[in-house]
$ cat data.tsv   # TSV, N, CA and C atoms
chain	number	residue	atom	x	y	z
A	156	MET	N	-45.78	4.72	-60.97
A	156	MET	CA	-45.01	4.42	-62.16
A	156	MET	C	-44.73	5.71	-62.92
A	157	ILE	N	-43.54	5.81	-63.44
A	157	ILE	CA	-43.12	6.98	-64.20
A	157	ILE	C	-42.82	6.55	-65.63
A	158	ARG	N	-43.36	7.27	-66.60
A	158	ARG	CA	-43.06	6.98	-68.00
A	158	ARG	C	-41.61	7.39	-68.25
A	159	VAL	N	-40.80	6.45	-68.73
A	159	VAL	CA	-39.38	6.75	-68.95
A	159	VAL	C	-39.04	6.93	-70.43
A	160	CYS	N	-39.82	6.31	-71.33
A	160	CYS	CA	-39.56	6.48	-72.75
A	160	CYS	C	-40.66	5.79	-73.55
A	161	ALA	N	-40.60	5.98	-74.85
A	161	ALA	CA	-41.46	5.24	-75.77
A	161	ALA	C	-40.74	3.95	-76.15
A	162	VAL	N	-41.48	2.92	-76.47
A	162	VAL	CA	-40.90	1.64	-76.88
A	162	VAL	C	-39.94	1.85	-78.05
A	163	ASP	N	-40.30	2.72	-78.98
A	163	ASP	CA	-39.48	2.96	-80.17
A	163	ASP	C	-38.20	3.74	-79.88
A	164	ASP	N	-38.05	4.30	-78.67
A	164	ASP	CA	-36.87	5.10	-78.33
A	164	ASP	C	-35.62	4.25	-78.11
A	165	VAL	N	-35.81	2.97	-77.78
A	165	VAL	CA	-34.66	2.11	-77.44
A	165	VAL	C	-34.71	0.85	-78.31
A	166	PRO	N	-33.83	0.76	-79.31
A	166	PRO	CA	-33.81	-0.43	-80.15
A	166	PRO	C	-33.44	-1.68	-79.36
A	167	ALA	N	-33.89	-2.83	-79.82
A	167	ALA	CA	-33.56	-4.09	-79.16
A	167	ALA	C	-32.04	-4.26	-79.09
A	168	GLY	N	-31.58	-4.68	-77.91
A	168	GLY	CA	-30.15	-4.91	-77.70
A	168	GLY	C	-29.36	-3.67	-77.34
A	169	GLU	N	-30.06	-2.58	-77.02
A	169	GLU	CA	-29.37	-1.33	-76.69
A	169	GLU	C	-29.90	-0.70	-75.42
A	170	GLY	N	-29.22	0.35	-74.98
A	170	GLY	CA	-29.63	1.13	-73.82
A	170	GLY	C	-29.66	2.60	-74.18
A	171	ARG	N	-30.37	3.38	-73.38
A	171	ARG	CA	-30.43	4.83	-73.55
A	171	ARG	C	-30.38	5.49	-72.18
A	172	ALA	N	-29.68	6.60	-72.12
A	172	ALA	CA	-29.59	7.38	-70.89
A	172	ALA	C	-30.84	8.25	-70.75
A	173	ILE	N	-31.34	8.35	-69.53
A	173	ILE	CA	-32.46	9.24	-69.23
A	173	ILE	C	-32.15	9.92	-67.90
A	174	GLU	N	-32.90	10.96	-67.60
A	174	GLU	CA	-32.76	11.63	-66.32
A	174	GLU	C	-34.14	11.76	-65.69
A	175	VAL	N	-34.24	11.39	-64.43
A	175	VAL	CA	-35.48	11.51	-63.68
A	175	VAL	C	-35.16	12.26	-62.40
A	176	ASP	N	-35.75	13.42	-62.24
A	176	ASP	CA	-35.53	14.27	-61.07
A	176	ASP	C	-34.05	14.46	-60.75
A	177	GLY	N	-33.25	14.69	-61.79
A	177	GLY	CA	-31.84	14.97	-61.60
A	177	GLY	C	-30.95	13.75	-61.44
A	178	ARG	N	-31.52	12.55	-61.48
A	178	ARG	CA	-30.72	11.33	-61.33
A	178	ARG	C	-30.54	10.66	-62.69
A	179	ASN	N	-29.30	10.28	-63.00
A	179	ASN	CA	-29.01	9.59	-64.25
A	179	ASN	C	-29.43	8.14	-64.15
A	180	LEU	N	-30.28	7.72	-65.08
A	180	LEU	CA	-30.74	6.34	-65.16
A	180	LEU	C	-30.48	5.81	-66.56
A	181	ALA	N	-30.60	4.50	-66.72
A	181	ALA	CA	-30.43	3.88	-68.03
A	181	ALA	C	-31.61	2.95	-68.28
A	182	VAL	N	-32.14	3.01	-69.50
A	182	VAL	CA	-33.22	2.13	-69.93
A	182	VAL	C	-32.62	1.15	-70.93
A	183	PHE	N	-32.86	-0.15	-70.73
A	183	PHE	CA	-32.33	-1.18	-71.61
A	183	PHE	C	-33.45	-2.00	-72.22
A	184	HIS	N	-33.29	-2.32	-73.50
A	184	HIS	CA	-34.21	-3.21	-74.20
A	184	HIS	C	-33.41	-4.46	-74.58
A	185	ALA	N	-33.34	-5.39	-73.66
A	185	ALA	CA	-32.59	-6.63	-73.87
A	185	ALA	C	-33.50	-7.68	-74.50
A	186	ALA	N	-32.89	-8.74	-74.99
A	186	ALA	CA	-33.67	-9.85	-75.55
A	186	ALA	C	-34.63	-10.43	-74.52
A	187	SER	N	-34.26	-10.35	-73.25
A	187	SER	CA	-35.07	-10.91	-72.17
A	187	SER	C	-36.10	-9.94	-71.61
A	188	GLY	N	-36.14	-8.71	-72.12
A	188	GLY	CA	-37.14	-7.76	-71.66
A	188	GLY	C	-36.59	-6.35	-71.49
A	189	TRP	N	-37.36	-5.54	-70.78
A	189	TRP	CA	-37.02	-4.14	-70.52
A	189	TRP	C	-36.49	-4.01	-69.10
A	190	TYR	N	-35.51	-3.10	-68.92
A	190	TYR	CA	-34.89	-2.90	-67.61
A	190	TYR	C	-34.54	-1.43	-67.44
A	191	VAL	N	-34.59	-0.96	-66.18
A	191	VAL	CA	-34.12	0.38	-65.83
A	191	VAL	C	-33.18	0.23	-64.64
A	192	THR	N	-32.00	0.85	-64.77
A	192	THR	CA	-31.00	0.80	-63.70
A	192	THR	C	-30.45	2.21	-63.48
A	193	ASP	N	-29.62	2.34	-62.44
A	193	ASP	CA	-28.82	3.54	-62.31
A	193	ASP	C	-28.04	3.69	-63.61
A	194	GLY	N	-27.79	4.91	-64.01
A	194	GLY	CA	-27.10	5.14	-65.25
A	194	GLY	C	-25.60	5.21	-65.15
A	195	VAL	N	-25.08	5.20	-63.92
A	195	VAL	CA	-23.65	5.38	-63.70
A	195	VAL	C	-23.06	4.15	-63.04
A	196	CYS	N	-21.97	3.65	-63.60
A	196	CYS	CA	-21.27	2.49	-63.02
A	196	CYS	C	-20.68	2.88	-61.67
A	197	PRO	N	-20.88	2.07	-60.64
A	197	PRO	CA	-20.34	2.40	-59.32
A	197	PRO	C	-18.83	2.24	-59.23
A	198	HIS	N	-18.21	1.64	-60.23
A	198	HIS	CA	-16.76	1.44	-60.21
A	198	HIS	C	-16.02	2.76	-60.45
A	199	ARG	N	-16.26	3.36	-61.62
A	199	ARG	CA	-15.58	4.61	-61.95
A	199	ARG	C	-16.47	5.59	-62.70
A	200	GLY	N	-17.79	5.43	-62.56
A	200	GLY	CA	-18.71	6.40	-63.14
A	200	GLY	C	-18.97	6.29	-64.62
A	201	GLY	N	-18.70	5.12	-65.20
A	201	GLY	CA	-18.95	4.92	-66.62
A	201	GLY	C	-20.43	5.00	-66.96
A	202	PRO	N	-20.76	5.42	-68.19
A	202	PRO	CA	-22.15	5.54	-68.62
A	202	PRO	C	-22.72	4.16	-69.01
A	203	LEU	N	-23.47	3.54	-68.13
A	203	LEU	CA	-23.96	2.19	-68.37
A	203	LEU	C	-24.86	2.09	-69.61
A	204	ALA	N	-25.59	3.14	-69.94
A	204	ALA	CA	-26.47	3.10	-71.10
A	204	ALA	C	-25.68	2.90	-72.39
A	205	ASP	N	-24.39	3.22	-72.38
A	205	ASP	CA	-23.54	3.05	-73.56
A	205	ASP	C	-22.86	1.69	-73.59
A	206	GLY	N	-23.14	0.86	-72.59
A	206	GLY	CA	-22.50	-0.45	-72.50
A	206	GLY	C	-23.07	-1.47	-73.47
A	207	ILE	N	-22.42	-2.60	-73.52
A	207	ILE	CA	-22.85	-3.71	-74.37
A	207	ILE	C	-23.92	-4.50	-73.61
A	208	VAL	N	-25.08	-4.67	-74.24
A	208	VAL	CA	-26.19	-5.41	-73.64
A	208	VAL	C	-26.14	-6.85	-74.16
A	209	ALA	N	-26.09	-7.80	-73.23
A	209	ALA	CA	-26.06	-9.22	-73.59
A	209	ALA	C	-26.96	-9.98	-72.64
A	210	ASP	N	-27.93	-10.71	-73.19
A	210	ASP	CA	-28.91	-11.43	-72.37
A	210	ASP	C	-29.54	-10.46	-71.40
A	211	ALA	N	-29.38	-10.67	-70.12
A	211	ALA	CA	-29.95	-9.78	-69.10
A	211	ALA	C	-28.83	-9.12	-68.32
A	212	SER	N	-27.81	-8.64	-69.05
A	212	SER	CA	-26.70	-7.95	-68.38
A	212	SER	C	-26.19	-6.82	-69.27
A	213	VAL	N	-25.44	-5.92	-68.64
A	213	VAL	CA	-24.79	-4.84	-69.38
A	213	VAL	C	-23.33	-4.80	-68.95
A	214	ILE	N	-22.46	-4.55	-69.91
A	214	ILE	CA	-21.02	-4.45	-69.65
A	214	ILE	C	-20.64	-2.98	-69.74
A	215	CYS	N	-20.09	-2.45	-68.66
A	215	CYS	CA	-19.70	-1.04	-68.62
A	215	CYS	C	-18.67	-0.77	-69.71
A	216	PRO	N	-18.85	0.32	-70.48
A	216	PRO	CA	-17.93	0.59	-71.58
A	216	PRO	C	-16.54	1.05	-71.13
A	217	LEU	N	-16.37	1.44	-69.88
A	217	LEU	CA	-15.07	1.93	-69.44
A	217	LEU	C	-14.12	0.82	-69.00
A	218	HIS	N	-14.60	-0.06	-68.12
A	218	HIS	CA	-13.70	-1.06	-67.54
A	218	HIS	C	-14.26	-2.47	-67.60
A	219	GLU	N	-15.26	-2.68	-68.44
A	219	GLU	CA	-15.80	-4.01	-68.74
A	219	GLU	C	-16.37	-4.76	-67.53
A	220	ARG	N	-16.89	-4.04	-66.57
A	220	ARG	CA	-17.58	-4.70	-65.46
A	220	ARG	C	-18.98	-5.05	-65.92
A	221	ARG	N	-19.40	-6.29	-65.63
A	221	ARG	CA	-20.71	-6.79	-66.07
A	221	ARG	C	-21.69	-6.74	-64.89
A	222	PHE	N	-22.87	-6.16	-65.16
A	222	PHE	CA	-23.91	-6.05	-64.14
A	222	PHE	C	-25.19	-6.73	-64.64
A	223	SER	N	-25.84	-7.45	-63.75
A	223	SER	CA	-27.13	-8.06	-64.06
A	223	SER	C	-28.17	-6.95	-64.19
A	224	LEU	N	-28.96	-6.99	-65.24
A	224	LEU	CA	-30.04	-6.03	-65.39
A	224	LEU	C	-31.22	-6.40	-64.50
A	225	ARG	N	-31.27	-7.64	-64.05
A	225	ARG	CA	-32.38	-8.09	-63.20
A	225	ARG	C	-32.23	-7.61	-61.75
A	226	ASP	N	-31.00	-7.75	-61.19
A	226	ASP	CA	-30.84	-7.39	-59.78
A	226	ASP	C	-29.71	-6.40	-59.53
A	227	GLY	N	-28.99	-5.99	-60.56
A	227	GLY	CA	-27.95	-4.98	-60.42
A	227	GLY	C	-26.61	-5.47	-59.93
A	228	ARG	N	-26.50	-6.75	-59.61
A	228	ARG	CA	-25.25	-7.26	-59.04
A	228	ARG	C	-24.16	-7.41	-60.11
A	229	GLU	N	-22.95	-7.11	-59.69
A	229	GLU	CA	-21.79	-7.27	-60.56
A	229	GLU	C	-21.41	-8.75	-60.63
A	230	ALA	N	-21.17	-9.25	-61.82
A	230	ALA	CA	-20.75	-10.64	-61.99
A	230	ALA	C	-19.35	-10.81	-61.41
A	231	GLY	N	-19.22	-11.70	-60.43
A	231	GLY	CA	-17.93	-11.98	-59.82
A	231	GLY	C	-17.36	-10.87	-58.97
A	232	GLY	N	-18.16	-9.91	-58.62
A	232	GLY	CA	-17.67	-8.78	-57.82
A	232	GLY	C	-18.64	-8.40	-56.72
A	233	SER	N	-18.34	-7.31	-56.07
A	233	SER	CA	-19.16	-6.90	-54.93
A	233	SER	C	-19.96	-5.62	-55.19
A	234	LEU	N	-19.81	-5.03	-56.37
A	234	LEU	CA	-20.53	-3.80	-56.67
A	234	LEU	C	-21.97	-4.11	-57.09
A	235	CYS	N	-22.82	-3.09	-57.01
A	235	CYS	CA	-24.22	-3.26	-57.38
A	235	CYS	C	-24.77	-1.91	-57.85
A	236	VAL	N	-25.64	-1.95	-58.85
A	236	VAL	CA	-26.36	-0.76	-59.29
A	236	VAL	C	-27.84	-0.95	-58.93
A	237	ALA	N	-28.51	0.14	-58.67
A	237	ALA	CA	-29.93	0.07	-58.36
A	237	ALA	C	-30.70	-0.34	-59.61
A	238	THR	N	-31.73	-1.15	-59.42
A	238	THR	CA	-32.63	-1.54	-60.51
A	238	THR	C	-34.05	-1.16	-60.11
A	239	PHE	N	-34.90	-0.99	-61.11
A	239	PHE	CA	-36.27	-0.56	-60.87
A	239	PHE	C	-37.23	-1.43	-61.66
A	240	PRO	N	-38.36	-1.83	-61.06
A	240	PRO	CA	-39.36	-2.63	-61.78
A	240	PRO	C	-39.88	-1.87	-63.00
A	241	VAL	N	-40.06	-2.60	-64.09
A	241	VAL	CA	-40.47	-2.00	-65.37
A	241	VAL	C	-41.72	-2.68	-65.89
A	242	SER	N	-42.56	-1.90	-66.56
A	242	SER	CA	-43.70	-2.47	-67.27
A	242	SER	C	-43.88	-1.69	-68.57
A	243	VAL	N	-44.45	-2.37	-69.55
A	243	VAL	CA	-44.72	-1.75	-70.84
A	243	VAL	C	-46.23	-1.74	-71.04
A	244	HIS	N	-46.75	-0.56	-71.35
A	244	HIS	CA	-48.18	-0.40	-71.61
A	244	HIS	C	-48.32	0.33	-72.94
A	245	GLY	N	-48.87	-0.37	-73.91
A	245	GLY	CA	-49.00	0.23	-75.24
A	245	GLY	C	-47.63	0.52	-75.82
A	246	ASP	N	-47.39	1.78	-76.17
A	246	ASP	CA	-46.10	2.14	-76.77
A	246	ASP	C	-45.18	2.85	-75.78
A	247	SER	N	-45.47	2.73	-74.48
A	247	SER	CA	-44.66	3.42	-73.47
A	247	SER	C	-44.05	2.45	-72.47
A	248	VAL	N	-42.86	2.81	-71.98
A	248	VAL	CA	-42.14	2.04	-70.97
A	248	VAL	C	-42.21	2.83	-69.67
A	249	TYR	N	-42.60	2.15	-68.59
A	249	TYR	CA	-42.74	2.77	-67.28
A	249	TYR	C	-41.84	2.07	-66.27
A	250	ALA	N	-41.36	2.83	-65.29
A	250	ALA	CA	-40.55	2.25	-64.22
A	250	ALA	C	-41.13	2.70	-62.88
A	251	GLN	N	-41.06	1.81	-61.92
A	251	GLN	CA	-41.51	2.13	-60.57
A	251	GLN	C	-40.33	2.75	-59.83
A	252	ILE	N	-40.31	4.08	-59.82
A	252	ILE	CA	-39.21	4.82	-59.24
A	252	ILE	C	-39.76	5.68	-58.12
A	253	ASP	N	-39.23	5.50	-56.93
A	253	ASP	CA	-39.64	6.29	-55.76
A	253	ASP	C	-38.92	7.63	-55.84
A	254	ARG	N	-39.65	8.68	-56.09
A	254	ARG	CA	-39.04	10.02	-56.24
A	254	ARG	C	-38.31	10.44	-54.97
A	255	LEU	N	-38.75	10.02	-53.80
A	255	LEU	CA	-38.04	10.36	-52.57
A	255	LEU	C	-36.68	9.67	-52.52
A	256	ALA	N	-36.60	8.43	-53.01
A	256	ALA	CA	-35.32	7.72	-53.03
A	256	ALA	C	-34.35	8.38	-54.00
A	257	LEU	N	-34.87	8.99	-55.07
A	257	LEU	CA	-34.00	9.66	-56.03
A	257	LEU	C	-33.30	10.86	-55.40
A	258	ALA	N	-33.96	11.50	-54.47
A	258	ALA	CA	-33.38	12.69	-53.84
A	258	ALA	C	-32.30	12.33	-52.83
A	259	ALA	N	-32.27	11.08	-52.40
A	259	ALA	CA	-31.29	10.68	-51.36
A	259	ALA	C	-29.89	10.59	-51.91

$ encode --input "data.tsv" --output "structure tokens"
Amino acid sequence: MIRVCAVDDVPAGEGRAIEVDGRNLAVFHAASGWYVTDGVCPHRGGPLADGIVADASVICPLHERRFSLRDGREAGGSLCVATFPVSVHGDSVYAQIDRLALAA
């Protein structure tokens, strides 16, 4: 598990961009819990952390594509973003990120 941020770093209903080993990721604090995904929309490279968070999904700010924060799948489409298991311990948020997969 890798510490990605403090609980206080991401207000409820928002996302924040982070970088882990050179890869852009996004941390989300949705009403349904905490999530970590790829930070870049696979459609046209939009910054997902800047998207609108609703329930357990994020809407890309560039072209309004909606992705599930649980499994990364695009609603009604064929695109997908990587998602990572998350846990909260005390005041820190951790994600299970395989550093070897980040280099690929």

$ closest_residue --input "data.tsv" --among "A:Phe239, A:Leu217, A:Asp164, A:Glu169" --to "Ile252 in chain A" --atoms "all atoms listed in the file"
A:Phe239

$ residues_around --input "data.tsv" --residues "range 193-202 of chain A" --least-positions-apart "3" --cutoff "7 Å" --atoms "only C-alpha atoms" --output "ChimeraX atom specification"
/A:172,179-181,205,215-217,234,236-238

$ residues_around --input "data.tsv" --residues "Val241 in chain A" --least-positions-apart "2" --cutoff "6 Å" --atoms "all atoms listed in the file" --output "JSON, numbers by chain"
{"A": [189, 239, 243, 249, 250, 251]}

$ atom_distance --input "data.tsv" --atom1 "CA of Arg221 in chain A" --atom2 "CA of Asp253 in chain A"
25.2 Å

$ residues_around --input "data.tsv" --residues "Cys235 in chain A" --least-positions-apart "2" --cutoff "9 Å" --atoms "only C-alpha atoms" --output "VMD selection string"
chain A and resid 196 to 197 222 to 223 226 to 229 232 to 233 237

$ atom_distance --input "data.tsv" --atom1 "CA of Phe183 in chain A" --atom2 "CA of Ser247 in chain A"
13.3 Å

$ atom_distance --input "data.tsv" --atom1 "CA of Met156 in chain A" --atom2 "CA of Ala230 in chain A"
28.6 Å

$ select_by_dssp --input "data.tsv" --residues "chain A" --states "strand (DSSP E)" --output "PDB file with N, CA and C atoms, in the frame of the given file"
ATOM      1  N   ILE A 157     -43.540   5.810 -63.440  1.00  0.00           N
ATOM      2  CA  ILE A 157     -43.120   6.980 -64.200  1.00  0.00           C
ATOM      3  C   ILE A 157     -42.820   6.550 -65.630  1.00  0.00           C
ATOM      4  N   ARG A 158     -43.360   7.270 -66.600  1.00  0.00           N
ATOM      5  CA  ARG A 158     -43.060   6.980 -68.000  1.00  0.00           C
ATOM      6  C   ARG A 158     -41.610   7.390 -68.250  1.00  0.00           C
ATOM      7  N   VAL A 159     -40.800   6.450 -68.730  1.00  0.00           N
ATOM      8  CA  VAL A 159     -39.380   6.750 -68.950  1.00  0.00           C
ATOM      9  C   VAL A 159     -39.040   6.930 -70.430  1.00  0.00           C
ATOM     10  N   CYS A 160     -39.820   6.310 -71.330  1.00  0.00           N
ATOM     11  CA  CYS A 160     -39.560   6.480 -72.750  1.00  0.00           C
ATOM     12  C   CYS A 160     -40.660   5.790 -73.550  1.00  0.00           C
ATOM     13  N   ALA A 161     -40.600   5.980 -74.850  1.00  0.00           N
ATOM     14  CA  ALA A 161     -41.460   5.240 -75.770  1.00  0.00           C
ATOM     15  C   ALA A 161     -40.740   3.950 -76.150  1.00  0.00           C
ATOM     16  N   GLU A 169     -30.060  -2.580 -77.020  1.00  0.00           N
ATOM     17  CA  GLU A 169     -29.370  -1.330 -76.690  1.00  0.00           C
ATOM     18  C   GLU A 169     -29.900  -0.700 -75.420  1.00  0.00           C
ATOM     19  N   GLY A 170     -29.220   0.350 -74.980  1.00  0.00           N
ATOM     20  CA  GLY A 170     -29.630   1.130 -73.820  1.00  0.00           C
ATOM     21  C   GLY A 170     -29.660   2.600 -74.180  1.00  0.00           C
ATOM     22  N   ARG A 171     -30.370   3.380 -73.380  1.00  0.00           N
ATOM     23  CA  ARG A 171     -30.430   4.830 -73.550  1.00  0.00           C
ATOM     24  C   ARG A 171     -30.380   5.490 -72.180  1.00  0.00           C
ATOM     25  N   ALA A 172     -29.680   6.600 -72.120  1.00  0.00           N
ATOM     26  CA  ALA A 172     -29.590   7.380 -70.890  1.00  0.00           C
ATOM     27  C   ALA A 172     -30.840   8.250 -70.750  1.00  0.00           C
ATOM     28  N   ILE A 173     -31.340   8.350 -69.530  1.00  0.00           N
ATOM     29  CA  ILE A 173     -32.460   9.240 -69.230  1.00  0.00           C
ATOM     30  C   ILE A 173     -32.150   9.920 -67.900  1.00  0.00           C
ATOM     31  N   GLU A 174     -32.900  10.960 -67.600  1.00  0.00           N
ATOM     32  CA  GLU A 174     -32.760  11.630 -66.320  1.00  0.00           C
ATOM     33  C   GLU A 174     -34.140  11.760 -65.690  1.00  0.00           C
ATOM     34  N   VAL A 175     -34.240  11.390 -64.430  1.00  0.00           N
ATOM     35  CA  VAL A 175     -35.480  11.510 -63.680  1.00  0.00           C
ATOM     36  C   VAL A 175     -35.160  12.260 -62.400  1.00  0.00           C
ATOM     37  N   ARG A 178     -31.520  12.550 -61.480  1.00  0.00           N
ATOM     38  CA  ARG A 178     -30.720  11.330 -61.330  1.00  0.00           C
ATOM     39  C   ARG A 178     -30.540  10.660 -62.690  1.00  0.00           C
ATOM     40  N   ASN A 179     -29.300  10.280 -63.000  1.00  0.00           N
ATOM     41  CA  ASN A 179     -29.010   9.590 -64.250  1.00  0.00           C
ATOM     42  C   ASN A 179     -29.430   8.140 -64.150  1.00  0.00           C
ATOM     43  N   LEU A 180     -30.280   7.720 -65.080  1.00  0.00           N
ATOM     44  CA  LEU A 180     -30.740   6.340 -65.160  1.00  0.00           C
ATOM     45  C   LEU A 180     -30.480   5.810 -66.560  1.00  0.00           C
ATOM     46  N   ALA A 181     -30.600   4.500 -66.720  1.00  0.00           N
ATOM     47  CA  ALA A 181     -30.430   3.880 -68.030  1.00  0.00           C
ATOM     48  C   ALA A 181     -31.610   2.950 -68.280  1.00  0.00           C
ATOM     49  N   VAL A 182     -32.140   3.010 -69.500  1.00  0.00           N
ATOM     50  CA  VAL A 182     -33.220   2.130 -69.930  1.00  0.00           C
ATOM     51  C   VAL A 182     -32.620   1.150 -70.930  1.00  0.00           C
ATOM     52  N   PHE A 183     -32.860  -0.150 -70.730  1.00  0.00           N
ATOM     53  CA  PHE A 183     -32.330  -1.180 -71.610  1.00  0.00           C
ATOM     54  C   PHE A 183     -33.450  -2.000 -72.220  1.00  0.00           C
ATOM     55  N   HIS A 184     -33.290  -2.320 -73.500  1.00  0.00           N
ATOM     56  CA  HIS A 184     -34.210  -3.210 -74.200  1.00  0.00           C
ATOM     57  C   HIS A 184     -33.410  -4.460 -74.580  1.00  0.00           C
ATOM     58  N   ALA A 185     -33.340  -5.390 -73.660  1.00  0.00           N
ATOM     59  CA  ALA A 185     -32.590  -6.630 -73.870  1.00  0.00           C
ATOM     60  C   ALA A 185     -33.500  -7.680 -74.500  1.00  0.00           C
ATOM     61  N   GLY A 188     -36.140  -8.710 -72.120  1.00  0.00           N
ATOM     62  CA  GLY A 188     -37.140  -7.760 -71.660  1.00  0.00           C
ATOM     63  C   GLY A 188     -36.590  -6.350 -71.490  1.00  0.00           C
ATOM     64  N   TRP A 189     -37.360  -5.540 -70.780  1.00  0.00           N
ATOM     65  CA  TRP A 189     -37.020  -4.140 -70.520  1.00  0.00           C
ATOM     66  C   TRP A 189     -36.490  -4.010 -69.100  1.00  0.00           C
ATOM     67  N   TYR A 190     -35.510  -3.100 -68.920  1.00  0.00           N
ATOM     68  CA  TYR A 190     -34.890  -2.900 -67.610  1.00  0.00           C
ATOM     69  C   TYR A 190     -34.540  -1.430 -67.440  1.00  0.00           C
ATOM     70  N   VAL A 191     -34.590  -0.960 -66.180  1.00  0.00           N
ATOM     71  CA  VAL A 191     -34.120   0.380 -65.830  1.00  0.00           C
ATOM     72  C   VAL A 191     -33.180   0.230 -64.640  1.00  0.00           C
ATOM     73  N   THR A 192     -32.000   0.850 -64.770  1.00  0.00           N
ATOM     74  CA  THR A 192     -31.000   0.800 -63.700  1.00  0.00           C
ATOM     75  C   THR A 192     -30.450   2.210 -63.480  1.00  0.00           C
ATOM     76  N   ASP A 193     -29.620   2.340 -62.440  1.00  0.00           N
ATOM     77  CA  ASP A 193     -28.820   3.540 -62.310  1.00  0.00           C
ATOM     78  C   ASP A 193     -28.040   3.690 -63.610  1.00  0.00           C
ATOM     79  N   ILE A 207     -22.420  -2.600 -73.520  1.00  0.00           N
ATOM     80  CA  ILE A 207     -22.850  -3.710 -74.370  1.00  0.00           C
ATOM     81  C   ILE A 207     -23.920  -4.500 -73.610  1.00  0.00           C
ATOM     82  N   VAL A 208     -25.080  -4.670 -74.240  1.00  0.00           N
ATOM     83  CA  VAL A 208     -26.190  -5.410 -73.640  1.00  0.00           C
ATOM     84  C   VAL A 208     -26.140  -6.850 -74.160  1.00  0.00           C
ATOM     85  N   ALA A 209     -26.090  -7.800 -73.230  1.00  0.00           N
ATOM     86  CA  ALA A 209     -26.060  -9.220 -73.590  1.00  0.00           C
ATOM     87  C   ALA A 209     -26.960  -9.980 -72.640  1.00  0.00           C
ATOM     88  N   SER A 212     -27.810  -8.640 -69.050  1.00  0.00           N
ATOM     89  CA  SER A 212     -26.700  -7.950 -68.380  1.00  0.00           C
ATOM     90  C   SER A 212     -26.190  -6.820 -69.270  1.00  0.00           C
ATOM     91  N   VAL A 213     -25.440  -5.920 -68.640  1.00  0.00           N
ATOM     92  CA  VAL A 213     -24.790  -4.840 -69.380  1.00  0.00           C
ATOM     93  C   VAL A 213     -23.330  -4.800 -68.950  1.00  0.00           C
ATOM     94  N   ILE A 214     -22.460  -4.550 -69.910  1.00  0.00           N
ATOM     95  CA  ILE A 214     -21.020  -4.450 -69.650  1.00  0.00           C
ATOM     96  C   ILE A 214     -20.640  -2.980 -69.740  1.00  0.00           C
ATOM     97  N   ARG A 221     -19.400  -6.290 -65.630  1.00  0.00           N
ATOM     98  CA  ARG A 221     -20.710  -6.790 -66.070  1.00  0.00           C
ATOM     99  C   ARG A 221     -21.690  -6.740 -64.890  1.00  0.00           C
ATOM    100  N   PHE A 222     -22.870  -6.160 -65.160  1.00  0.00           N
ATOM    101  CA  PHE A 222     -23.910  -6.050 -64.140  1.00  0.00           C
ATOM    102  C   PHE A 222     -25.190  -6.730 -64.640  1.00  0.00           C
ATOM    103  N   SER A 223     -25.840  -7.450 -63.750  1.00  0.00           N
ATOM    104  CA  SER A 223     -27.130  -8.060 -64.060  1.00  0.00           C
ATOM    105  C   SER A 223     -28.170  -6.950 -64.190  1.00  0.00           C
ATOM    106  N   THR A 238     -31.730  -1.150 -59.420  1.00  0.00           N
ATOM    107  CA  THR A 238     -32.630  -1.540 -60.510  1.00  0.00           C
ATOM    108  C   THR A 238     -34.050  -1.160 -60.110  1.00  0.00           C
ATOM    109  N   PHE A 239     -34.900  -0.990 -61.110  1.00  0.00           N
ATOM    110  CA  PHE A 239     -36.270  -0.560 -60.870  1.00  0.00           C
ATOM    111  C   PHE A 239     -37.230  -1.430 -61.660  1.00  0.00           C
ATOM    112  N   VAL A 241     -40.060  -2.600 -64.090  1.00  0.00           N
ATOM    113  CA  VAL A 241     -40.470  -2.000 -65.370  1.00  0.00           C
ATOM    114  C   VAL A 241     -41.720  -2.680 -65.890  1.00  0.00           C
ATOM    115  N   SER A 242     -42.560  -1.900 -66.560  1.00  0.00           N
ATOM    116  CA  SER A 242     -43.700  -2.470 -67.270  1.00  0.00           C
ATOM    117  C   SER A 242     -43.880  -1.690 -68.570  1.00  0.00           C
ATOM    118  N   VAL A 243     -44.450  -2.370 -69.550  1.00  0.00           N
ATOM    119  CA  VAL A 243     -44.720  -1.750 -70.840  1.00  0.00           C
ATOM    120  C   VAL A 243     -46.230  -1.740 -71.040  1.00  0.00           C
ATOM    121  N   HIS A 244     -46.750  -0.560 -71.350  1.00  0.00           N
ATOM    122  CA  HIS A 244     -48.180  -0.400 -71.610  1.00  0.00           C
ATOM    123  C   HIS A 244     -48.320   0.330 -72.940  1.00  0.00           C
ATOM    124  N   SER A 247     -45.470   2.730 -74.480  1.00  0.00           N
ATOM    125  CA  SER A 247     -44.660   3.420 -73.470  1.00  0.00           C
ATOM    126  C   SER A 247     -44.050   2.450 -72.470  1.00  0.00           C
ATOM    127  N   VAL A 248     -42.860   2.810 -71.980  1.00  0.00           N
ATOM    128  CA  VAL A 248     -42.140   2.040 -70.970  1.00  0.00           C
ATOM    129  C   VAL A 248     -42.210   2.830 -69.670  1.00  0.00           C
ATOM    130  N   TYR A 249     -42.600   2.150 -68.590  1.00  0.00           N
ATOM    131  CA  TYR A 249     -42.740   2.770 -67.280  1.00  0.00           C
ATOM    132  C   TYR A 249     -41.840   2.070 -66.270  1.00  0.00           C
ATOM    133  N   ALA A 250     -41.360   2.830 -65.290  1.00  0.00           N
ATOM    134  CA  ALA A 250     -40.550   2.250 -64.220  1.00  0.00           C
ATOM    135  C   ALA A 250     -41.130   2.700 -62.880  1.00  0.00           C
TER     136      ALA A 250
END

$ decode --input "data.tsv" --residues "range 186-196 of chain A" --atoms "C-alpha atoms" --output "short mmCIF file (atom, residue, chain, number, x, y, z; two decimals), in the first residue's frame"
data_model
loop_
_atom_site.label_atom_id
_atom_site.label_comp_id
_atom_site.auth_asym_id
_atom_site.auth_seq_id
_atom_site.Cartn_x
_atom_site.Cartn_y
_atom_site.Cartn_z
CA ALA A 186 -20.18 10.16 -0.83
CA SER A 187 -19.78 6.39 -1.28
CA GLY A 188 -16.13 6.32 -0.18
CA TRP A 189 -12.56 6.88 -1.34
CA TYR A 190 -11.27 5.95 -4.80
CA VAL A 191 -8.03 6.13 -6.79
CA THR A 192 -8.01 5.95 -10.59
CA ASP A 193 -5.80 6.86 -13.50
CA GLY A 194 -5.68 10.62 -13.62
CA VAL A 195 -6.10 10.97 -17.38
CA CYS A 196 -9.26 10.32 -19.37
#
